[in-house]
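With PDB, C-alpha atoms inside, this is structure-v3.pdb:
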ATOM      1  CA  MET A  14       2.918  30.261  13.874
ATOM      2  CA  ARG A  15       2.299  29.184  10.304
ATOM      3  CA  LEU A  16       3.088  31.088   7.146
ATOM      4  CA  PRO A  17       0.015  32.731   5.618
ATOM      5  CA  GLY A  18      -1.299  31.078   2.477
ATOM      6  CA  GLU A  19      -0.265  33.992   0.262
ATOM      7  CA  SER A  20       3.335  33.594   1.433
ATOM      8  CA  VAL A  21       3.297  29.873   0.685
ATOM      9  CA  GLU A  22       2.024  30.505  -2.845
ATOM     10  CA  TYR A  23       4.613  33.229  -3.339
ATOM     11  CA  LEU A  24       7.427  30.935  -2.198
ATOM     12  CA  LEU A  25       6.313  28.062  -4.425
ATOM     13  CA  ASP A  26       6.438  30.352  -7.436
ATOM     14  CA  HIS A  27       9.439  32.529  -6.643
ATOM     15  CA  TRP A  28      11.812  31.084  -4.036
ATOM     16  CA  PRO A  29      15.032  30.214  -5.886
ATOM     17  CA  VAL A  30      16.267  27.195  -3.943
ATOM     18  CA  ALA A  31      15.001  24.175  -2.017
ATOM     19  CA  ARG A  32      16.701  21.283  -0.285
ATOM     20  CA  LEU A  33      15.534  17.955  -1.674
ATOM     21  CA  ALA A  34      15.557  14.998   0.706
ATOM     22  CA  THR A  35      15.442  11.512  -0.743
ATOM     23  CA  LEU A  36      16.098   8.054   0.684
ATOM     24  CA  ARG A  37      19.156   6.002  -0.058
ATOM     25  CA  ARG A  38      18.648   2.322  -0.721
ATOM     26  CA  ASP A  39      19.547   1.582   2.912
ATOM     27  CA  GLY A  40      16.927   4.074   4.104
ATOM     28  CA  MET A  41      19.403   6.769   5.113
ATOM     29  CA  PRO A  42      18.220  10.321   4.335
ATOM     30  CA  HIS A  43      20.114  12.266   1.648
ATOM     31  CA  GLN A  44      19.876  16.001   0.967
ATOM     32  CA  VAL A  45      20.916  18.202  -1.915
ATOM     33  CA  PRO A  46      20.070  21.802  -2.859
ATOM     34  CA  ILE A  47      18.034  22.149  -6.045
ATOM     35  CA  VAL A  48      16.499  24.808  -8.258
ATOM     36  CA  PHE A  49      12.886  24.328  -9.306
ATOM     37  CA  ALA A  50       9.879  25.907 -10.970
ATOM     38  CA  ARG A  51       6.164  25.301 -10.488
ATOM     39  CA  HIS A  52       4.081  24.177 -13.435
ATOM     40  CA  ALA A  53       0.648  22.531 -13.436
ATOM     41  CA  GLY A  54       0.643  22.230  -9.647
ATOM     42  CA  ARG A  55       3.886  20.287  -9.496
ATOM     43  CA  LEU A  56       7.481  21.363  -8.864
ATOM     44  CA  TRP A  57      10.051  20.577 -11.537
ATOM     45  CA  SER A  58      13.804  20.452 -11.075
ATOM     46  CA  PRO A  59      15.981  19.923 -14.136
ATOM     47  CA  ILE A  60      19.049  17.744 -14.346
ATOM     48  CA  ASP A  61      20.813  20.761 -15.757
ATOM     49  CA  GLY A  62      24.234  21.737 -16.984
ATOM     50  CA  LYS A  63      25.659  22.903 -13.650
ATOM     51  CA  PRO A  64      28.750  20.849 -12.856
ATOM     52  CA  LYS A  65      27.795  17.631 -11.067
ATOM     53  CA  SER A  66      29.718  15.439  -8.677
ATOM     54  CA  GLU A  67      28.776  12.234 -10.494
ATOM     55  CA  ARG A  68      27.250  11.270 -13.785
ATOM     56  CA  GLU A  69      24.287   9.208 -12.571
ATOM     57  CA  LEU A  70      22.895  11.500  -9.916
ATOM     58  CA  ALA A  71      22.176  10.062  -6.482
ATOM     59  CA  ARG A  72      18.805  11.827  -6.359
ATOM     60  CA  VAL A  73      17.652  10.049  -9.534
ATOM     61  CA  ARG A  74      18.906   6.671  -8.312
ATOM     62  CA  HIS A  75      17.215   7.107  -4.941
ATOM     63  CA  LEU A  76      13.850   8.098  -6.397
ATOM     64  CA  ALA A  77      13.864   5.042  -8.666
ATOM     65  CA  GLY A  78      14.053   2.929  -5.498
ATOM     66  CA  ASP A  79      11.677   4.930  -3.282
ATOM     67  CA  PRO A  80       9.634   7.904  -4.504
ATOM     68  CA  ARG A  81       9.107   9.398  -1.045
ATOM     69  CA  ALA A  82      10.759  12.802  -0.878
ATOM     70  CA  GLY A  83      10.717  16.094   0.931
ATOM     71  CA  LEU A  84      11.492  19.689   0.020
ATOM     72  CA  LEU A  85      12.509  22.344   2.500
ATOM     73  CA  LEU A  86      12.424  26.055   1.701
ATOM     74  CA  ASP A  87      13.847  28.433   4.284
ATOM     75  CA  ASP A  88      16.110  31.437   4.693
ATOM     76  CA  TYR A  89      18.592  31.902   7.505
ATOM     77  CA  ALA A  90      18.784  35.400   8.972
ATOM     78  CA  GLU A  91      20.816  36.876  11.801
ATOM     79  CA  ASP A  92      17.561  38.409  12.979
ATOM     80  CA  TRP A  93      15.909  35.350  14.444
ATOM     81  CA  THR A  94      12.481  37.016  14.456
ATOM     82  CA  ALA A  95      12.704  36.829  10.639
ATOM     83  CA  LEU A  96      13.120  33.044  10.430
ATOM     84  CA  TRP A  97      10.655  30.837   8.571
ATOM     85  CA  TRP A  98      10.469  27.498   6.799
ATOM     86  CA  LEU A  99       8.140  25.698   4.442
ATOM     87  CA  ARG A 100       8.315  21.917   4.308
ATOM     88  CA  LEU A 101       6.708  19.901   1.527
ATOM     89  CA  ASP A 102       6.251  16.148   1.720
ATOM     90  CA  GLY A 103       5.422  14.208  -1.372
ATOM     91  CA  ARG A 104       6.519  11.859  -4.065
ATOM     92  CA  ALA A 105       9.001  12.518  -6.800
ATOM     93  CA  ARG A 106      10.319  10.788  -9.898
ATOM     94  CA  ALA A 107      12.706  11.439 -12.730
ATOM     95  CA  LEU A 108      10.827  12.104 -15.961
ATOM     96  CA  ARG A 109      11.576  12.805 -19.599
ATOM     97  CA  PRO A 110       8.582  14.908 -20.656
ATOM     98  CA  ARG A 111       8.098  15.742 -24.312
ATOM     99  CA  GLY A 112       6.173  18.137 -26.495
ATOM    100  CA  ALA A 113       3.969  20.773 -24.901
ATOM    101  CA  GLU A 114       4.685  19.686 -21.326
ATOM    102  CA  LEU A 115       8.434  19.883 -21.847
ATOM    103  CA  ASP A 116       8.068  23.269 -23.526
ATOM    104  CA  ALA A 117       5.966  24.643 -20.663
ATOM    105  CA  VAL A 118       8.291  23.377 -17.933
ATOM    106  CA  ALA A 119      11.371  24.648 -19.756
ATOM    107  CA  ALA A 120       9.727  28.055 -20.231
ATOM    108  CA  ALA A 121       8.884  28.236 -16.506
ATOM    109  CA  LEU A 122      12.486  27.412 -15.569
ATOM    110  CA  ARG A 123      13.977  29.890 -18.043
ATOM    111  CA  ALA A 124      11.610  32.619 -16.822
ATOM    112  CA  LYS A 125      12.568  32.009 -13.199
ATOM    113  CA  TYR A 126      16.329  31.578 -13.733
ATOM    114  CA  PRO A 127      18.030  33.982 -16.167
ATOM    115  CA  GLN A 128      21.179  31.929 -15.460
ATOM    116  CA  TYR A 129      19.904  29.430 -18.060
ATOM    117  CA  ALA A 130      20.860  31.919 -20.763
ATOM    118  CA  ARG A 131      24.414  30.673 -20.147
ATOM    119  CA  VAL A 132      24.103  27.381 -18.280
ATOM    120  CA  PRO A 133      22.540  24.535 -20.304
ATOM    121  CA  LEU A 134      19.027  23.773 -19.016
ATOM    122  CA  PHE A 135      19.548  20.088 -19.744
ATOM    123  CA  GLN A 136      22.416  17.718 -20.292
ATOM    124  CA  ASP A 137      21.585  15.163 -22.999
ATOM    125  CA  GLU A 138      17.959  14.034 -23.175
ATOM    126  CA  PRO A 139      15.861  16.575 -21.158
ATOM    127  CA  THR A 140      15.371  15.004 -17.727
ATOM    128  CA  LEU A 141      13.600  16.535 -14.751
ATOM    129  CA  ILE A 142      12.550  15.566 -11.289
ATOM    130  CA  GLU A 143       8.810  16.011 -10.895
ATOM    131  CA  PHE A 144       7.736  16.567  -7.291
ATOM    132  CA  ARG A 145       4.084  16.100  -6.352
ATOM    133  CA  ILE A 146       3.201  17.915  -3.142
ATOM    134  CA  GLU A 147       1.126  15.834  -0.729
ATOM    135  CA  THR A 148       1.374  17.857   2.465
ATOM    136  CA  ARG A 149       2.623  21.332   3.342
ATOM    137  CA  ARG A 150       3.805  22.401   6.767
ATOM    138  CA  SER A 151       5.217  25.788   7.659
ATOM    139  CA  TRP A 152       6.530  27.811  10.552
ATOM    140  CA  CYS A 153       7.584  31.401  11.097
ATOM    141  CA  ALA A 154       9.092  33.065  14.139
ATOM    142  CA  SER A 155       6.865  36.141  13.975
ATOM    143  CA  GLY A 156       4.334  37.976  11.864
ATOM    144  CA  ASN A 157       7.175  39.936  10.269
ATOM    145  CA  ALA A 158       8.957  36.822   9.060
ATOM    146  CA  ALA A 159       6.597  35.745   6.283
ATOM    147  CA  PRO A 160       7.996  36.483   2.799
ATOM    148  CA  ARG A 161       5.588  38.461   0.667
ATOM    149  CA  PRO A 162       5.455  39.557  -2.965
TER     150      PRO A 162
ATOM    151  CA  MET B  24      34.956  19.369  -7.634
ATOM    152  CA  ARG B  25      35.203  18.973  -3.876
ATOM    153  CA  LEU B  26      35.615  21.680  -1.295
ATOM    154  CA  PRO B  27      39.179  21.947  -0.001
ATOM    155  CA  GLY B  28      39.725  20.628   3.520
ATOM    156  CA  GLU B  29      40.324  24.083   4.940
ATOM    157  CA  SER B  30      36.924  25.199   3.677
ATOM    158  CA  VAL B  31      35.230  22.195   5.254
ATOM    159  CA  GLU B  32      36.850  22.918   8.620
ATOM    160  CA  TYR B  33      35.902  26.577   8.327
ATOM    161  CA  LEU B  34      32.283  25.721   7.580
ATOM    162  CA  LEU B  35      32.006  23.240  10.455
ATOM    163  CA  ASP B  36      33.165  25.928  12.871
ATOM    164  CA  HIS B  37      31.533  29.018  11.425
ATOM    165  CA  TRP B  38      28.619  28.336   9.080
ATOM    166  CA  PRO B  39      25.480  29.551  10.877
ATOM    167  CA  VAL B  40      22.834  27.147   9.591
ATOM    168  CA  ALA B  41      22.395  23.544   8.479
ATOM    169  CA  ARG B  42      19.427  21.505   7.353
ATOM    170  CA  LEU B  43      18.936  18.437   9.521
ATOM    171  CA  ALA B  44      17.353  15.402   7.872
ATOM    172  CA  THR B  45      15.889  12.711  10.095
ATOM    173  CA  LEU B  46      13.583   9.776   9.439
ATOM    174  CA  ARG B  47       9.961   9.651  10.470
ATOM    175  CA  ARG B  48       8.688   6.425  11.982
ATOM    176  CA  ASP B  49       7.335   5.412   8.552
ATOM    177  CA  GLY B  50      10.760   6.010   6.982
ATOM    178  CA  MET B  51       9.808   9.262   5.245
ATOM    179  CA  PRO B  52      12.581  11.887   5.274
ATOM    180  CA  HIS B  53      11.993  15.034   7.339
ATOM    181  CA  GLN B  54      14.020  18.261   7.164
ATOM    182  CA  VAL B  55      14.334  21.276   9.401
ATOM    183  CA  PRO B  56      16.865  24.133   9.540
ATOM    184  CA  ILE B  57      19.003  24.178  12.685
ATOM    185  CA  VAL B  58      21.745  26.203  14.319
ATOM    186  CA  PHE B  59      24.738  24.299  15.658
ATOM    187  CA  ALA B  60      28.238  24.591  17.084
ATOM    188  CA  ARG B  61      31.178  22.192  16.968
ATOM    189  CA  HIS B  62      32.636  20.907  20.212
ATOM    190  CA  ALA B  63      34.871  17.877  20.787
ATOM    191  CA  GLY B  64      34.502  16.759  17.183
ATOM    192  CA  ARG B  65      30.723  16.629  17.293
ATOM    193  CA  LEU B  66      28.051  19.116  16.213
ATOM    194  CA  TRP B  67      25.574  20.271  18.842
ATOM    195  CA  SER B  68      22.194  21.847  18.189
ATOM    196  CA  PRO B  69      20.217  23.141  21.175
ATOM    197  CA  ILE B  70      16.493  22.807  21.693
ATOM    198  CA  ASP B  71      16.481  26.527  22.290
ATOM    199  CA  GLY B  72      14.006  29.261  23.079
ATOM    200  CA  LYS B  73      13.138  30.181  19.478
ATOM    201  CA  PRO B  74       9.379  29.728  18.998
ATOM    202  CA  LYS B  75       8.586  26.139  18.036
ATOM    203  CA  SER B  76       5.719  24.656  16.103
ATOM    204  CA  GLU B  77       5.125  21.888  18.650
ATOM    205  CA  ARG B  78       6.199  21.088  22.181
ATOM    206  CA  GLU B  79       7.745  17.653  21.615
ATOM    207  CA  LEU B  80       9.881  18.330  18.585
ATOM    208  CA  ALA B  81       9.623  15.995  15.609
ATOM    209  CA  ARG B  82      13.420  15.858  15.287
ATOM    210  CA  VAL B  83      13.768  14.522  18.844
ATOM    211  CA  ARG B  84      10.989  11.976  18.357
ATOM    212  CA  HIS B  85      12.478  10.780  15.069
ATOM    213  CA  LEU B  86      15.988  10.336  16.459
ATOM    214  CA  ALA B  87      14.650   8.252  19.350
ATOM    215  CA  GLY B  88      13.282   5.857  16.736
ATOM    216  CA  ASP B  89      16.189   5.916  14.269
ATOM    217  CA  PRO B  90      19.494   7.740  14.902
ATOM    218  CA  ARG B  91      20.452   7.969  11.231
ATOM    219  CA  ALA B  92      20.624  11.605  10.203
ATOM    220  CA  GLY B  93      22.129  13.979   7.685
ATOM    221  CA  LEU B  94      23.214  17.600   7.715
ATOM    222  CA  LEU B  95      23.443  19.800   4.639
ATOM    223  CA  LEU B  96      25.342  23.078   4.592
ATOM    224  CA  ASP B  97      25.079  25.210   1.475
ATOM    225  CA  ASP B  98      24.501  28.736   0.257
ATOM    226  CA  TYR B  99      22.390  29.680  -2.727
ATOM    227  CA  ALA B 100      23.807  32.413  -4.946
ATOM    228  CA  GLU B 101      22.573  33.995  -8.160
ATOM    229  CA  ASP B 102      26.091  33.478  -9.467
ATOM    230  CA  TRP B 103      25.994  29.756 -10.103
ATOM    231  CA  THR B 104      29.785  29.537 -10.295
ATOM    232  CA  ALA B 105      29.724  30.350  -6.540
ATOM    233  CA  LEU B 106      27.570  27.377  -5.512
ATOM    234  CA  TRP B 107      28.781  24.748  -3.050
ATOM    235  CA  TRP B 108      27.436  22.236  -0.567
ATOM    236  CA  LEU B 109      28.772  20.119   2.263
ATOM    237  CA  ARG B 110      26.819  17.009   3.239
ATOM    238  CA  LEU B 111      27.435  15.164   6.490
ATOM    239  CA  ASP B 112      26.019  11.717   7.179
ATOM    240  CA  GLY B 113      26.009  10.354  10.677
ATOM    241  CA  ARG B 114      24.063   9.496  13.763
ATOM    242  CA  ALA B 115      22.373  11.861  16.137
ATOM    243  CA  ARG B 116      20.563  11.715  19.451
ATOM    244  CA  ALA B 117      18.948  14.070  21.922
ATOM    245  CA  LEU B 118      21.106  14.461  25.024
ATOM    246  CA  ARG B 119      21.000  16.242  28.346
ATOM    247  CA  PRO B 120      24.682  16.832  29.086
ATOM    248  CA  ARG B 121      25.723  18.157  32.486
ATOM    249  CA  GLY B 122      28.684  19.736  34.173
ATOM    250  CA  ALA B 123      31.781  20.576  32.169
ATOM    251  CA  GLU B 124      30.432  19.173  28.889
ATOM    252  CA  LEU B 125      27.263  21.253  29.123
ATOM    253  CA  ASP B 126      29.299  24.338  30.009
ATOM    254  CA  ALA B 127      31.626  23.857  27.040
ATOM    255  CA  VAL B 128      28.829  23.263  24.536
ATOM    256  CA  ALA B 129      26.839  26.235  25.849
ATOM    257  CA  ALA B 130      29.930  28.441  25.615
ATOM    258  CA  ALA B 131      30.537  27.346  22.010
ATOM    259  CA  LEU B 132      26.947  28.156  21.075
ATOM    260  CA  ARG B 133      26.972  31.536  22.826
ATOM    261  CA  ALA B 134      30.271  32.450  21.172
ATOM    262  CA  LYS B 135      28.930  31.555  17.728
ATOM    263  CA  TYR B 136      25.456  33.098  18.119
ATOM    264  CA  PRO B 137      25.248  36.508  19.849
ATOM    265  CA  GLN B 138      21.474  36.098  19.453
ATOM    266  CA  TYR B 139      21.549  33.965  22.616
ATOM    267  CA  ALA B 140      22.066  37.140  24.626
ATOM    268  CA  ARG B 141      18.323  37.652  24.109
ATOM    269  CA  VAL B 142      16.903  34.282  23.046
ATOM    270  CA  PRO B 143      17.028  31.588  25.755
ATOM    271  CA  LEU B 144      19.665  28.964  24.881
ATOM    272  CA  PHE B 145      17.492  26.245  26.392
ATOM    273  CA  GLN B 146      13.882  25.740  27.293
ATOM    274  CA  ASP B 147      13.549  23.783  30.561
ATOM    275  CA  GLU B 148      16.200  21.124  31.190
ATOM    276  CA  PRO B 149      19.135  21.827  28.782
ATOM    277  CA  THR B 150      18.609  19.476  25.821
ATOM    278  CA  LEU B 151      20.721  19.266  22.681
ATOM    279  CA  ILE B 152      20.971  17.170  19.585
ATOM    280  CA  GLU B 153      24.446  15.658  19.326
ATOM    281  CA  PHE B 154      25.447  14.812  15.756
ATOM    282  CA  ARG B 155      28.369  12.455  15.167
ATOM    283  CA  ILE B 156      29.820  12.851  11.695
ATOM    284  CA  GLU B 157      30.500   9.551   9.924
ATOM    285  CA  THR B 158      31.067  10.684   6.355
ATOM    286  CA  ARG B 159      31.590  14.020   4.613
ATOM    287  CA  ARG B 160      30.845  14.725   0.998
ATOM    288  CA  SER B 161      31.185  18.072  -0.714
ATOM    289  CA  TRP B 162      30.813  19.787  -4.060
ATOM    290  CA  CYS B 163      31.582  23.191  -5.454
ATOM    291  CA  ALA B 164      30.905  24.635  -8.889
ATOM    292  CA  SER B 165      34.322  26.215  -9.292
ATOM    293  CA  GLY B 166      37.531  27.043  -7.498
ATOM    294  CA  ASN B 167      36.083  30.434  -6.558
ATOM    295  CA  ALA B 168      33.097  28.912  -4.787
ATOM    296  CA  ALA B 169      34.803  27.501  -1.707
ATOM    297  CA  PRO B 170      34.122  29.582   1.428
ATOM    298  CA  ARG B 171      37.331  30.595   3.200
ATOM    299  CA  PRO B 172      38.181  32.251   6.499
TER     300      PRO B 172
END
Target encoding structure tokens, full file:
Amino acid sequence: MRLPGESVEYLLDHWPVARLATLRRDGMPHQVPIVFARHAGRLWSPIDGKPKSERELARVRHLAGDPRAGLLLDDYAEDWTALWWLRLDGRARALRPRGAELDAVAAALRAKYPQYARVPLFQDEPTLIEFRIETRRSWCASGNAAPRP
Amino acid sequence: MRLPGESVEYLLDHWPVARLATLRRDGMPHQVPIVFARHAGRLWSPIDGKPKSERELARVRHLAGDPRAGLLLDDYAEDWTALWWLRLDGRARALRPRGAELDAVAAALRAKYPQYARVPLFQDEPTLIEFRIETRRSWCASGNAAPRP
């Protein structure tokens, strides 16, 4: 069964982590966990100050070559009647917003993640991945599984 | 920094969930959470009796068209110094093993997941996704982040 609409909206605003899938230049899929916040109907993930495995991030390089991307939100539980997932297909790109848009996105991220009081929200120039949702698909194992406010 | 080798081995044997990325026919990435067990150097994920959103699973259809696949293991934590991920690239296919191989894979899955005492391990004919690891890449935020036995 599908997640109810209220659960999907709740997850888009409040779920702390998603797995971003992008495409390598050779077409191979590539996944990485990301944090994100919703603003103006899109999901925004900062290139933040958490330690990174490389300076030019693979996700940014991949999206420059092919904007097609997916996001998966889910939560594993030992109780398998509590399982659910929400999959978003869309297009994403690395952006350097400025002015009011940057302020609004940064405020949404800081409100969602108190960790940014200590971890830098950006590295040098503020850079974010902007994900535009094109399709949503969801599943849950039972009526009890759907996350709710 | 990378996860130490002992953590990687521990995760491959004991971590309960991974996100499987496959490629749709149009090349778009597609993600779904899976359970899995390691046997004979490969990772095996059953098409089990958990409720499914469709009868012919997208993951099986995708792998028939393109075997390239990825697995992501990670664990979100509010303490960002505890973050880590392990990414496996490889090739996968849907298989119907028989005899001793089927018995060994089924035993590994039942030993890892006591849930299979109640949830059917297979639907009709025993079918599994076999994932062959080609490359491993990992990251952790700090020396305290690496999961250990």
- Identify, on the basis of all atoms listed in the file, every residue whose closest approach to Ser165 of chain B does not exceed 7 Å; exclude the query and any residue fewer than 2 positions from it along the same chain; express the result as a PyMOL selection string. chain B and resi 104-105+163+167-168
- Message: Give me the residues near Gln138 of chain B as a list in words, where near means some atom within 8 Å (using all atoms listed in the file) and where sequence neighbours in that chain fewer than 3 positions away do not count.
- Response: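 Those residues are Glu91, Asp92 and Trp93 of chain A; Arg133, Arg141 and Val142 of chain B.
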If you keep C-alpha atoms, can you produce a file of those selected residues as an mmCIF file, in the frame of the given file?
data_model
loop_
_atom_site.group_PDB
_atom_site.id
_atom_site.type_symbol
_atom_site.label_atom_id
_atom_site.label_comp_id
_atom_site.auth_asym_id
_atom_site.auth_seq_id
_atom_site.Cartn_x
_atom_site.Cartn_y
_atom_site.Cartn_z
ATOM 1 C CA GLU A 91 20.816 36.876 11.801
ATOM 2 C CA ASP A 92 17.561 38.409 12.979
ATOM 3 C CA TRP A 93 15.909 35.350 14.444
ATOM 4 C CA ARG B 133 26.972 31.536 22.826
ATOM 5 C CA ARG B 141 18.323 37.652 24.109
ATOM 6 C CA VAL B 142 16.903 34.282 23.046
#
Pairing the C-alpha atoms in order across the whole chain, superpose chain B onto chain A by least squares and write the result as a tab-separated table (two decimals) with C-alpha atoms, keeping the file's coordinate frame.
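Result saved to superposed.tsv:
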chain	number	residue	atom	x	y	z
B	24	MET	CA	2.93	30.26	13.87
B	25	ARG	CA	2.31	29.19	10.29
B	26	LEU	CA	3.09	31.11	7.15
B	27	PRO	CA	0.02	32.74	5.62
B	28	GLY	CA	-1.30	31.09	2.46
B	29	GLU	CA	-0.26	33.99	0.27
B	30	SER	CA	3.33	33.60	1.44
B	31	VAL	CA	3.29	29.88	0.69
B	32	GLU	CA	2.02	30.51	-2.85
B	33	TYR	CA	4.62	33.23	-3.33
B	34	LEU	CA	7.42	30.94	-2.20
B	35	LEU	CA	6.32	28.05	-4.42
B	36	ASP	CA	6.44	30.34	-7.44
B	37	HIS	CA	9.43	32.52	-6.64
B	38	TRP	CA	11.80	31.08	-4.03
B	39	PRO	CA	15.03	30.20	-5.87
B	40	VAL	CA	16.27	27.19	-3.92
B	41	ALA	CA	15.00	24.17	-2.00
B	42	ARG	CA	16.70	21.28	-0.27
B	43	LEU	CA	15.54	17.95	-1.66
B	44	ALA	CA	15.57	14.99	0.72
B	45	THR	CA	15.44	11.50	-0.75
B	46	LEU	CA	16.10	8.06	0.69
B	47	ARG	CA	19.16	5.99	-0.07
B	48	ARG	CA	18.64	2.30	-0.74
B	49	ASP	CA	19.55	1.57	2.90
B	50	GLY	CA	16.92	4.07	4.09
B	51	MET	CA	19.41	6.77	5.10
B	52	PRO	CA	18.23	10.31	4.32
B	53	HIS	CA	20.13	12.24	1.64
B	54	GLN	CA	19.90	15.98	0.96
B	55	VAL	CA	20.93	18.19	-1.92
B	56	PRO	CA	20.07	21.79	-2.84
B	57	ILE	CA	18.03	22.14	-6.04
B	58	VAL	CA	16.50	24.80	-8.24
B	59	PHE	CA	12.89	24.31	-9.29
B	60	ALA	CA	9.88	25.91	-10.95
B	61	ARG	CA	6.16	25.30	-10.47
B	62	HIS	CA	4.08	24.17	-13.42
B	63	ALA	CA	0.64	22.53	-13.42
B	64	GLY	CA	0.64	22.22	-9.64
B	65	ARG	CA	3.89	20.28	-9.50
B	66	LEU	CA	7.48	21.36	-8.86
B	67	TRP	CA	10.05	20.57	-11.53
B	68	SER	CA	13.80	20.44	-11.05
B	69	PRO	CA	15.98	19.92	-14.13
B	70	ILE	CA	19.06	17.74	-14.34
B	71	ASP	CA	20.81	20.76	-15.76
B	72	GLY	CA	24.24	21.72	-17.00
B	73	LYS	CA	25.65	22.90	-13.66
B	74	PRO	CA	28.75	20.83	-12.87
B	75	LYS	CA	27.79	17.62	-11.07
B	76	SER	CA	29.71	15.43	-8.69
B	77	GLU	CA	28.76	12.22	-10.51
B	78	ARG	CA	27.23	11.26	-13.82
B	79	GLU	CA	24.27	9.21	-12.59
B	80	LEU	CA	22.90	11.49	-9.92
B	81	ALA	CA	22.18	10.05	-6.48
B	82	ARG	CA	18.81	11.82	-6.36
B	83	VAL	CA	17.66	10.05	-9.54
B	84	ARG	CA	18.91	6.67	-8.33
B	85	HIS	CA	17.22	7.11	-4.95
B	86	LEU	CA	13.85	8.09	-6.41
B	87	ALA	CA	13.86	5.03	-8.67
B	88	GLY	CA	14.07	2.94	-5.51
B	89	ASP	CA	11.69	4.93	-3.29
B	90	PRO	CA	9.63	7.92	-4.51
B	91	ARG	CA	9.11	9.40	-1.05
B	92	ALA	CA	10.75	12.80	-0.88
B	93	GLY	CA	10.71	16.10	0.94
B	94	LEU	CA	11.49	19.69	0.03
B	95	LEU	CA	12.52	22.36	2.51
B	96	LEU	CA	12.42	26.06	1.71
B	97	ASP	CA	13.85	28.45	4.27
B	98	ASP	CA	16.11	31.44	4.70
B	99	TYR	CA	18.59	31.91	7.51
B	100	ALA	CA	18.78	35.41	8.97
B	101	GLU	CA	20.80	36.89	11.81
B	102	ASP	CA	17.55	38.43	12.99
B	103	TRP	CA	15.89	35.36	14.45
B	104	THR	CA	12.47	37.03	14.47
B	105	ALA	CA	12.70	36.84	10.64
B	106	LEU	CA	13.11	33.06	10.43
B	107	TRP	CA	10.65	30.85	8.56
B	108	TRP	CA	10.48	27.51	6.79
B	109	LEU	CA	8.14	25.71	4.44
B	110	ARG	CA	8.31	21.92	4.31
B	111	LEU	CA	6.70	19.91	1.53
B	112	ASP	CA	6.25	16.15	1.72
B	113	GLY	CA	5.41	14.20	-1.37
B	114	ARG	CA	6.53	11.84	-4.07
B	115	ALA	CA	9.00	12.51	-6.81
B	116	ARG	CA	10.32	10.77	-9.89
B	117	ALA	CA	12.72	11.44	-12.73
B	118	LEU	CA	10.83	12.11	-15.97
B	119	ARG	CA	11.59	12.82	-19.59
B	120	PRO	CA	8.60	14.91	-20.66
B	121	ARG	CA	8.12	15.76	-24.33
B	122	GLY	CA	6.18	18.14	-26.50
B	123	ALA	CA	3.98	20.78	-24.92
B	124	GLU	CA	4.68	19.69	-21.33
B	125	LEU	CA	8.44	19.89	-21.85
B	126	ASP	CA	8.08	23.28	-23.52
B	127	ALA	CA	5.98	24.65	-20.66
B	128	VAL	CA	8.29	23.38	-17.93
B	129	ALA	CA	11.38	24.65	-19.76
B	130	ALA	CA	9.74	28.06	-20.21
B	131	ALA	CA	8.89	28.23	-16.50
B	132	LEU	CA	12.48	27.42	-15.56
B	133	ARG	CA	13.97	29.90	-18.03
B	134	ALA	CA	11.61	32.63	-16.82
B	135	LYS	CA	12.56	32.00	-13.19
B	136	TYR	CA	16.32	31.57	-13.71
B	137	PRO	CA	18.03	33.97	-16.15
B	138	GLN	CA	21.16	31.91	-15.46
B	139	TYR	CA	19.90	29.42	-18.05
B	140	ALA	CA	20.84	31.91	-20.76
B	141	ARG	CA	24.40	30.68	-20.15
B	142	VAL	CA	24.10	27.38	-18.27
B	143	PRO	CA	22.54	24.54	-20.31
B	144	LEU	CA	19.03	23.77	-19.02
B	145	PHE	CA	19.55	20.08	-19.75
B	146	GLN	CA	22.42	17.72	-20.30
B	147	ASP	CA	21.59	15.16	-23.01
B	148	GLU	CA	17.96	14.03	-23.18
B	149	PRO	CA	15.86	16.57	-21.17
B	150	THR	CA	15.37	14.99	-17.73
B	151	LEU	CA	13.60	16.53	-14.75
B	152	ILE	CA	12.56	15.57	-11.28
B	153	GLU	CA	8.81	16.00	-10.89
B	154	PHE	CA	7.73	16.57	-7.29
B	155	ARG	CA	4.08	16.10	-6.35
B	156	ILE	CA	3.20	17.91	-3.15
B	157	GLU	CA	1.13	15.83	-0.72
B	158	THR	CA	1.38	17.87	2.46
B	159	ARG	CA	2.62	21.35	3.37
B	160	ARG	CA	3.82	22.41	6.77
B	161	SER	CA	5.22	25.80	7.66
B	162	TRP	CA	6.56	27.83	10.55
B	163	CYS	CA	7.59	31.40	11.09
B	164	ALA	CA	9.07	33.08	14.14
B	165	SER	CA	6.85	36.15	13.98
B	166	GLY	CA	4.33	37.98	11.86
B	167	ASN	CA	7.16	39.95	10.26
B	168	ALA	CA	8.95	36.84	9.06
B	169	ALA	CA	6.60	35.76	6.28
B	170	PRO	CA	8.01	36.49	2.80
B	171	ARG	CA	5.58	38.48	0.66
B	172	PRO	CA	5.43	39.55	-2.97
- Apply the PyMOL selection byres ((chain A) within 6 of (chain B)) to the structure shown and report the selected residues as a list of chain:residue names.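 For this structure, the PyMOL selection byres ((chain A) within 6 of (chain B)) captures A:Pro42, A:Pro64, A:Ala154.
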Just need the box for segment 104-114 of chain B, edges along x, y and z, holding every atom the file lists for it with 8 Å tacked onto each side, so centre and edge lengths in Å to one decimal, as JSON.
{"center_x": 26.9, "center_y": 19.9, "center_z": 1.7, "size_x": 21.7, "size_y": 36.9, "size_z": 40.1}
- Residues in the PyMOL selection byres ((chain B and resi 152) around 6), expressed as a PyMOL selection string: chain B and resi 67-68+116-117+151+153
- Identify which of the residues A:Pro110, A:Asp137, A:His52, A:Arg37 lies closest to Ala71 of chain A, counting only C-alpha atoms when measuring atom-to-atom distances.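 With only C-alpha atoms as the atom set, the closest residue is A:Arg37.
The interatomic distance for the pair atom CA of Arg171 of chain B and atom CA of Arg159 of chain B works out to 17.6 Å.
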